[in-house]
Structures are given as structure tokens and as C-alpha cells.
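Undergrad: Below is the file input.txt, which contains compact mmCIF, C-alpha atoms.
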```
# COMPACT_ATOMS: atom_id res chain seq x y z
CA MET A 294 23.61 -19.00 1.48
CA ILE A 295 20.00 -19.57 0.45
CA SER A 296 18.95 -16.40 2.25
CA ASP A 297 21.09 -14.37 -0.16
CA SER A 298 18.92 -15.50 -3.08
CA LEU A 299 15.43 -16.25 -1.76
CA ASP A 300 12.57 -14.40 -0.05
CA ILE A 301 9.43 -16.21 1.14
CA VAL A 302 6.01 -14.55 0.91
CA ILE A 303 3.09 -16.08 2.83
CA PRO A 304 -0.42 -14.64 2.39
CA VAL A 305 -2.41 -14.88 5.62
CA PHE A 306 -6.17 -14.72 6.08
CA ASN A 307 -7.22 -16.05 9.49
CA ALA A 308 -6.02 -19.68 10.06
CA VAL A 309 -3.44 -18.41 12.53
CA GLU A 310 -2.57 -21.87 13.90
CA ASP A 311 -1.87 -23.20 10.41
CA THR A 312 0.27 -20.15 9.70
CA ILE A 313 2.30 -20.66 12.88
CA GLU A 314 2.91 -24.33 12.02
CA CYS A 315 3.93 -23.33 8.50
CA VAL A 316 6.47 -20.74 9.65
CA GLU A 317 7.81 -23.04 12.35
CA SER A 318 8.47 -25.70 9.72
CA ILE A 319 10.39 -23.13 7.63
CA LEU A 320 12.46 -22.16 10.67
CA GLN A 321 13.47 -25.82 11.02
CA SER A 322 14.41 -26.11 7.35
CA ASP A 323 17.22 -25.08 5.01
CA ALA A 324 15.34 -21.78 4.49
CA ALA A 325 15.47 -20.83 8.18
CA ASP A 326 17.50 -17.68 7.53
CA CYS A 327 15.45 -16.44 4.59
CA SER A 328 13.33 -13.32 4.86
CA ILE A 329 9.77 -14.49 5.62
CA LEU A 330 7.04 -11.96 4.94
CA LEU A 331 3.65 -12.70 6.54
CA LEU A 332 0.97 -10.68 4.75
CA ASN A 333 -2.02 -10.44 7.08
CA ASP A 334 -4.93 -9.52 4.81
CA ALA A 335 -7.34 -8.04 7.40
CA SER A 336 -7.74 -11.28 9.36
CA TYR A 337 -9.76 -11.60 12.55
CA SER A 338 -8.75 -9.40 15.46
CA GLY A 339 -5.78 -10.83 17.33
CA THR A 340 -4.11 -12.50 14.34
CA GLU A 341 -1.45 -9.82 13.93
CA GLU A 342 -0.68 -9.75 17.65
CA ARG A 343 -0.43 -13.54 17.85
CA LEU A 344 1.96 -13.77 14.92
CA LYS A 345 4.15 -10.91 16.10
CA GLU A 346 4.35 -12.32 19.61
CA ARG A 347 5.17 -15.85 18.45
CA PHE A 348 7.90 -14.80 16.01
CA ALA A 349 9.32 -11.80 17.84
CA PRO A 350 12.65 -13.61 18.44
CA HIS A 351 13.10 -14.13 14.69
CA VAL A 352 14.17 -10.89 13.03
CA ASN A 353 13.77 -12.41 9.56
CA VAL A 354 10.02 -12.98 10.12
CA VAL A 355 8.10 -9.78 9.35
CA VAL A 356 4.34 -9.34 9.77
CA VAL A 357 2.60 -6.77 7.56
CA SER A 358 -1.11 -6.17 8.13
CA HIS A 359 -3.65 -4.54 5.85
CA CYS A 360 -6.51 -2.60 7.43
CA ARG A 361 -8.84 -3.62 4.61
CA ASN A 362 -8.95 -6.95 2.80
CA ARG A 363 -7.11 -6.63 -0.51
CA GLY A 364 -7.83 -10.11 -1.84
CA TYR A 365 -5.36 -12.90 -2.50
CA THR A 366 -3.81 -11.66 -5.74
CA LYS A 367 -3.29 -8.07 -4.64
CA ASN A 368 -1.87 -9.37 -1.38
CA ILE A 369 0.79 -11.57 -2.97
CA SER A 370 1.59 -8.90 -5.58
CA TYR A 371 2.30 -6.53 -2.71
CA GLY A 372 4.58 -9.11 -1.13
CA ILE A 373 6.49 -9.70 -4.35
CA LYS A 374 7.13 -5.97 -4.65
CA LYS A 375 8.30 -5.81 -1.02
CA SER A 376 10.75 -8.67 -1.52
CA LYS A 377 14.14 -7.94 -3.05
CA LYS A 378 15.93 -11.20 -3.80
CA GLU A 379 16.57 -12.84 -7.16
CA TYR A 380 14.01 -15.54 -6.36
CA VAL A 381 10.74 -15.32 -4.44
CA CYS A 382 8.63 -18.16 -3.07
CA ILE A 383 4.87 -17.80 -2.75
CA LEU A 384 3.86 -20.26 -0.02
CA ASN A 385 0.36 -20.98 1.26
CA SER A 386 -0.13 -20.62 5.00
CA ASP A 387 -1.53 -24.17 5.33
CA THR A 388 1.63 -25.85 4.06
CA LEU A 389 4.45 -27.63 5.88
CA VAL A 390 7.94 -27.78 4.42
CA PRO A 391 10.56 -30.49 5.03
CA GLY A 392 14.08 -29.90 6.27
CA LEU A 393 15.49 -29.78 2.75
CA TRP A 394 13.27 -28.08 0.17
CA ALA A 395 14.38 -24.55 -0.75
CA ARG A 396 17.84 -25.68 -1.87
CA LYS A 397 16.28 -28.25 -4.21
CA LEU A 398 13.84 -25.83 -5.83
CA LEU A 399 16.47 -23.12 -6.20
CA ALA A 400 18.93 -25.58 -7.76
CA HIS A 401 16.51 -26.38 -10.57
CA LEU A 402 16.06 -22.69 -11.41
CA GLN A 403 19.75 -21.88 -11.13
CA ASP A 404 20.74 -24.82 -13.33
CA MET A 405 18.14 -24.08 -16.03
CA PRO A 406 17.63 -20.36 -16.80
CA VAL A 407 14.83 -21.17 -19.26
CA PHE A 408 12.61 -22.12 -16.31
CA ALA A 409 10.67 -19.22 -14.78
CA ALA A 410 9.14 -21.12 -11.87
CA VAL A 411 9.38 -24.44 -10.07
CA GLY A 412 7.08 -26.13 -7.56
CA PRO A 413 7.26 -29.35 -5.49
CA LEU A 414 5.05 -32.40 -5.25
CA SER A 415 2.45 -32.57 -2.47
CA ASN A 416 -0.40 -34.64 -1.09
CA ALA A 417 -3.27 -32.38 -2.22
CA ALA A 418 -2.17 -30.17 -5.11
CA SER A 419 -4.25 -31.44 -8.06
CA PHE A 420 -1.83 -32.73 -10.73
CA GLN A 421 1.18 -32.25 -8.44
CA SER A 422 -0.24 -34.78 -5.95
CA ILE A 423 1.28 -38.14 -5.03
CA PRO A 424 0.74 -41.03 -4.86
CA GLN A 425 -2.70 -40.46 -6.43
CA VAL A 426 -4.00 -37.50 -8.40
CA TYR A 427 -7.64 -38.60 -8.23
CA ALA A 428 -9.66 -40.12 -5.41
CA PRO A 429 -12.16 -42.97 -6.08
CA ASN A 430 -14.94 -40.38 -6.37
CA LYS A 431 -13.03 -38.82 -9.32
CA GLU A 432 -12.26 -35.65 -7.37
CA PHE A 433 -8.68 -34.59 -6.70
CA SER A 434 -7.16 -36.71 -3.95
CA VAL A 435 -5.83 -35.42 -0.63
CA ASN A 436 -3.95 -38.73 -0.21
CA ASP A 437 -4.99 -39.18 3.41
CA GLN A 438 -3.11 -36.03 4.45
CA LEU A 439 0.25 -37.60 3.56
CA GLY A 440 3.03 -35.58 5.18
CA GLY A 441 0.74 -34.06 7.78
CA PHE A 442 3.50 -34.05 10.41
CA LEU A 443 7.18 -33.23 10.00
CA GLY A 444 8.55 -36.72 10.59
CA GLU A 445 6.44 -38.23 7.82
CA LEU A 446 7.01 -35.21 5.59
CA ASN A 447 10.78 -35.55 5.85
CA PHE A 448 10.56 -39.29 5.18
CA VAL A 449 8.53 -38.81 1.97
CA ASN A 450 10.88 -36.06 0.87
CA SER A 451 13.93 -38.27 1.42
CA VAL A 452 12.35 -41.13 -0.56
CA LEU A 453 11.75 -38.81 -3.51
CA ASP A 454 15.29 -37.53 -3.25
CA PHE A 455 16.58 -41.10 -3.38
CA PHE A 456 14.61 -42.12 -6.46
CA GLY A 457 14.60 -38.86 -8.40
CA PRO A 458 17.46 -36.58 -7.38
CA GLY A 459 17.63 -33.52 -9.61
CA LYS A 460 14.71 -34.63 -11.78
CA ILE A 461 12.10 -32.13 -12.99
CA ALA A 462 8.90 -32.48 -15.01
CA ASP A 463 8.15 -29.85 -17.65
CA VAL A 464 4.51 -28.79 -17.15
CA PRO A 465 2.10 -26.20 -18.62
CA ILE A 466 0.60 -25.05 -15.29
CA LEU A 467 1.82 -24.93 -11.70
CA ASN A 468 -0.37 -25.15 -8.61
CA GLY A 469 0.28 -22.05 -6.50
CA PHE A 470 0.51 -23.65 -3.04
CA CYS A 471 4.31 -23.45 -3.15
CA THR A 472 6.14 -21.93 -6.10
CA VAL A 473 9.58 -20.40 -6.42
CA PHE A 474 9.70 -17.75 -9.14
CA ARG A 475 12.57 -16.14 -10.96
CA ARG A 476 12.04 -12.44 -10.24
CA SER A 477 13.30 -11.30 -13.63
CA ALA A 478 10.67 -13.47 -15.36
CA LEU A 479 7.87 -12.04 -13.21
CA GLU A 480 9.02 -8.51 -13.94
CA GLU A 481 9.24 -9.22 -17.65
CA ILE A 482 5.56 -10.20 -17.89
CA GLY A 483 4.26 -7.68 -15.33
CA GLY A 484 3.63 -10.13 -12.49
CA PHE A 485 0.23 -11.42 -11.38
CA ASP A 486 -2.86 -9.83 -12.89
CA ASP A 487 -4.45 -8.35 -9.76
CA VAL A 488 -7.00 -6.37 -11.77
CA ASN A 489 -8.83 -9.22 -13.48
CA PHE A 490 -8.10 -11.78 -10.73
CA LYS A 491 -8.42 -9.71 -7.55
CA THR A 492 -9.45 -12.55 -5.25
CA GLY A 493 -7.53 -15.36 -6.93
CA TYR A 494 -9.07 -18.40 -8.67
CA GLY A 495 -7.42 -18.39 -12.06
CA GLU A 496 -4.60 -15.96 -11.35
CA GLU A 497 -1.90 -18.65 -11.33
CA ASN A 498 -3.16 -20.21 -14.59
CA ASP A 499 -3.15 -16.77 -16.22
CA LEU A 500 0.40 -16.13 -14.98
CA CYS A 501 1.64 -19.51 -16.21
CA ILE A 502 0.09 -18.95 -19.65
CA ARG A 503 1.77 -15.57 -19.99
CA LEU A 504 5.13 -16.98 -18.87
CA LYS A 505 4.83 -19.72 -21.49
CA GLN A 506 3.97 -17.11 -24.13
CA HIS A 507 7.30 -15.47 -23.32
CA SER A 508 9.09 -18.78 -23.99
CA TYR A 509 9.67 -19.61 -20.34
CA ARG A 510 9.18 -23.11 -19.00
CA LEU A 511 7.60 -24.32 -15.76
CA GLY A 512 8.71 -27.31 -13.73
CA VAL A 513 7.65 -29.67 -10.97
CA ALA A 514 10.60 -30.87 -8.89
CA LEU A 515 10.23 -34.64 -8.63
CA ASP A 516 12.70 -34.76 -5.73
CA CYS A 517 10.81 -32.40 -3.41
CA PHE A 518 7.62 -32.79 -1.34
CA VAL A 519 5.84 -29.99 0.53
```
Take the structure from the file and write it as C-alpha cells.

TA:
Amino acid sequence: MISDSLDIVIPVFNAVEDTIECVESILQSDAADCSILLLNDASYSGTEERLKERFAPHVNVVVVSHCRNRGYTKNISYGIKKSKKEYVCILNSDTLVPGLWARKLLAHLQDMPVFAAVGPLSNAASFQSIPQVYAPNKEFSVNDQLGGFLGELNFVNSVLDFFGPGKIADVPILNGFCTVFRRSALEEIGGFDDVNFKTGYGEENDLCIRLKQHSYRLGVALDCFV
């Protein structure tokens, strides 16, 4: 079972409706039984209560709230330490996942031990975006919010699976919106640098560089769209 190998960590700062939609999409996916840790980083009053109430029936969804804002990097580092499985996924709270995603990302890591981390394609994830990386104004494209609802998301994911099953692109940097990490690789390099990158912005690049320095590789799954 996927839940035997994978924990999912979701940093939360306000945006409670997005977070609920994100978790609901996971609960309709192949990762439905995975441990899902919602890290509420001192969001607005009512966020914790709303999340706990909505997901009370799901024992695998756990809400942890900080009294004081820790910042993005310290928040996810805390979540990684709380998780226990061989693989851990850091997932942004404004994402939606298709029905089949975790199994694909895990398969790449399990088949190729030299890879430390794998991420999917998306609509607005800089160089991991499809069908366009850049918009006409030369800024990164959001591709008209492609995959903004589950039906369309699953369709795009199935098209990629048809044309590129099992394919992966070797890349120097991964965008952190959705990344599955090999825990042993994170532990080997000391995890995210939450001292020099307390609030994020550069922390994932730094992590990727250090993983590459330890001879690990990073991959984008060309058969998966989140």
C-alpha cells in the first residue's frame, strides 16, 4: 500500500478554502490512506477549527497548529521530522491532485535509487509548466489555470500517462509545489536550511544544489500532472 511508504506534509497559512479543496482531492486519489499532516502556521483565527471540523471523520488527516508563525521553511522542516515513512511529499495547500499521482511519483523513486526527489508537471510551476513555460509577456505562464477542476485535471493526467508512461526528465532544480523526497537523502544532507532560508524563497534551490553535490539526481515525472 502507498500509505506504508508515503507521508504527505502540507504547510498552511490562511487560504483555508484552498487547503480544504487540496485535501479533498487527496482523499479522492490513490493517496487517500496516507498520513496527511496539515501544518497551520499561525493562520487567521478559525482556520484550525475549520480544518479539524471538516476532516474529523478522517483519522489520517492531522492538524498541527503553531501559536507563532515559524515561516515556511521551519514549518515544513517540522513536518518532515514529524513524518516517519520512507518517502515524504511536500505539497502546497493551493494544489489539486488527480486520482492517480502518488503511485507514479513513488514508482520513479523506487525504480531509480539515485534519484533523491521527483515532482510532477503542472500548469503554473515555472519550468515544470505545460503546455507553455512562458506567457506572451515573457513571465512564467499559468496556462489559463489548466487543471483547475478535478475532471480536467484527471483528463490531462491521463493524456500524459498515455504519451509518456514511466518517463522522467533529469533536472537540476525542482519547483517545491509538489515534491516527493527520499527520506534517507534528506537526512544525509541535513534537510532544508531553515536558518538561512527561514521564510522560504530560495530554500528549495539550496536543497536541490546540496542534493546534487551528494551525487543525487532530481526528476520531473512526465507522466504526472498536479

Undergrad: Quick one: distance from atom CA of A:Val305 to atom CA of A:Ala514 in Å, one decimal?

TA: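 Spanning atom CA of A:Val305 to atom CA of A:Ala514 is a straight-line distance of 25.2 Å.
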
Undergrad: Would you list the contacts of stretch 313-324 of chain A as a ChimeraX atom specification, taking every protein, DNA or RNA residue within 8 Å and counting all atoms listed in the file, but skipping same-chain residues closer than 2 positions in sequence?

TA: /A:295-296,309-311,326-327,344,347,386-396,443

Undergrad: Next, write the just-selected residues to a file, as a PDB file, in the frame of the given file, keeping C-alpha atoms as the atom set.

TA:
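Writing done, so here's out.pdb:
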```pdb
ATOM      1  CA  ILE A 295      20.000 -19.570   0.450  1.00  0.00           C
ATOM      2  CA  SER A 296      18.950 -16.400   2.250  1.00  0.00           C
ATOM      3  CA  VAL A 309      -3.440 -18.410  12.530  1.00  0.00           C
ATOM      4  CA  GLU A 310      -2.570 -21.870  13.900  1.00  0.00           C
ATOM      5  CA  ASP A 311      -1.870 -23.200  10.410  1.00  0.00           C
ATOM      6  CA  ASP A 326      17.500 -17.680   7.530  1.00  0.00           C
ATOM      7  CA  CYS A 327      15.450 -16.440   4.590  1.00  0.00           C
ATOM      8  CA  LEU A 344       1.960 -13.770  14.920  1.00  0.00           C
ATOM      9  CA  ARG A 347       5.170 -15.850  18.450  1.00  0.00           C
ATOM     10  CA  SER A 386      -0.130 -20.620   5.000  1.00  0.00           C
ATOM     11  CA  ASP A 387      -1.530 -24.170   5.330  1.00  0.00           C
ATOM     12  CA  THR A 388       1.630 -25.850   4.060  1.00  0.00           C
ATOM     13  CA  LEU A 389       4.450 -27.630   5.880  1.00  0.00           C
ATOM     14  CA  VAL A 390       7.940 -27.780   4.420  1.00  0.00           C
ATOM     15  CA  PRO A 391      10.560 -30.490   5.030  1.00  0.00           C
ATOM     16  CA  GLY A 392      14.080 -29.900   6.270  1.00  0.00           C
ATOM     17  CA  LEU A 393      15.490 -29.780   2.750  1.00  0.00           C
ATOM     18  CA  TRP A 394      13.270 -28.080   0.170  1.00  0.00           C
ATOM     19  CA  ALA A 395      14.380 -24.550  -0.750  1.00  0.00           C
ATOM     20  CA  ARG A 396      17.840 -25.680  -1.870  1.00  0.00           C
ATOM     21  CA  LEU A 443       7.180 -33.230  10.000  1.00  0.00           C
TER      22      LEU A 443
END
```

Undergrad: I want to know what sits within 9 Å of stretch 359-372 of chain A, based on all atoms listed in the file, with residues of the same chain fewer than 6 positions away left out; could you give that as a ChimeraX atom specification?

TA: /A:301-306,330-336,383,484-488,490-493,496

Undergrad: Taking all atoms listed in the file into account, which of A:Ala308, A:Asp297, A:Val464, A:Phe470 comes nearest A:Phe408?

TA: A:Val464

Undergrad: Just the number, please: distance in Å from atom CA of A:Glu342 to atom CA of A:Asn385, one decimal.

TA: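 Atom CA of A:Glu342 sits 19.9 Å away from atom CA of A:Asn385.
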
Undergrad: Identify which of the residues A:Asp404, A:Arg476, A:Leu515, A:Asn416 lies closest to A:Glu445, counting only C-alpha atoms when measuring atom-to-atom distances.

TA: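 For A:Glu445, the nearest of the candidates is A:Asn416.
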
Undergrad: Given all atoms listed in the file as the basis, pick out the residue of A:Asn353, A:Asn468, A:Ser376, A:Asn489 nearest to A:Leu511.

TA: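 Looking at the shortest contact to A:Leu511, the residue is A:Asn468.
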
Undergrad: Residues around (16.2, -18.0, -4.4), cut-off 9 Å, counting only C-alpha atoms - what are they as a ChimeraX atom specification?

TA: /A:295-301,378-382,395-396,398-400,402-403,473-475

Undergrad: Write out, as a PDB file, in the coordinates of the input, the residues just selected, with C-alpha atoms.

TA:
```
ATOM      1  CA  ILE A 295      20.000 -19.570   0.450  1.00  0.00           C
ATOM      2  CA  SER A 296      18.950 -16.400   2.250  1.00  0.00           C
ATOM      3  CA  ASP A 297      21.090 -14.370  -0.160  1.00  0.00           C
ATOM      4  CA  SER A 298      18.920 -15.500  -3.080  1.00  0.00           C
ATOM      5  CA  LEU A 299      15.430 -16.250  -1.760  1.00  0.00           C
ATOM      6  CA  ASP A 300      12.570 -14.400  -0.050  1.00  0.00           C
ATOM      7  CA  ILE A 301       9.430 -16.210   1.140  1.00  0.00           C
ATOM      8  CA  LYS A 378      15.930 -11.200  -3.800  1.00  0.00           C
ATOM      9  CA  GLU A 379      16.570 -12.840  -7.160  1.00  0.00           C
ATOM     10  CA  TYR A 380      14.010 -15.540  -6.360  1.00  0.00           C
ATOM     11  CA  VAL A 381      10.740 -15.320  -4.440  1.00  0.00           C
ATOM     12  CA  CYS A 382       8.630 -18.160  -3.070  1.00  0.00           C
ATOM     13  CA  ALA A 395      14.380 -24.550  -0.750  1.00  0.00           C
ATOM     14  CA  ARG A 396      17.840 -25.680  -1.870  1.00  0.00           C
ATOM     15  CA  LEU A 398      13.840 -25.830  -5.830  1.00  0.00           C
ATOM     16  CA  LEU A 399      16.470 -23.120  -6.200  1.00  0.00           C
ATOM     17  CA  ALA A 400      18.930 -25.580  -7.760  1.00  0.00           C
ATOM     18  CA  LEU A 402      16.060 -22.690 -11.410  1.00  0.00           C
ATOM     19  CA  GLN A 403      19.750 -21.880 -11.130  1.00  0.00           C
ATOM     20  CA  VAL A 473       9.580 -20.400  -6.420  1.00  0.00           C
ATOM     21  CA  PHE A 474       9.700 -17.750  -9.140  1.00  0.00           C
ATOM     22  CA  ARG A 475      12.570 -16.140 -10.960  1.00  0.00           C
TER      23      ARG A 475
END
```

Undergrad: Quick one: everything within 12 Å of A:Ser419, counting all atoms listed in the file, minus sequence neighbours fewer than 4 positions away in the same chain. Send it as a list in words.

TA: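 Close residues of A:Ser419: Pro413, Leu414, Ser415, Ile423, Pro424, Gln425, Val426, Tyr427, Ala428, Lys431, Glu432, Phe433, Ser434, Val435, Asn436, Ile466, Leu467, Asn468, Gly469 and Phe470 of chain A.
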
Undergrad: Taking only C-alpha atoms into account, which of A:Gly495, A:Arg503, A:Gly459, A:Val519 comes nearest A:His401?

TA: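 When distances to A:His401 are compared using only C-alpha atoms, the smallest one comes from A:Gly459.
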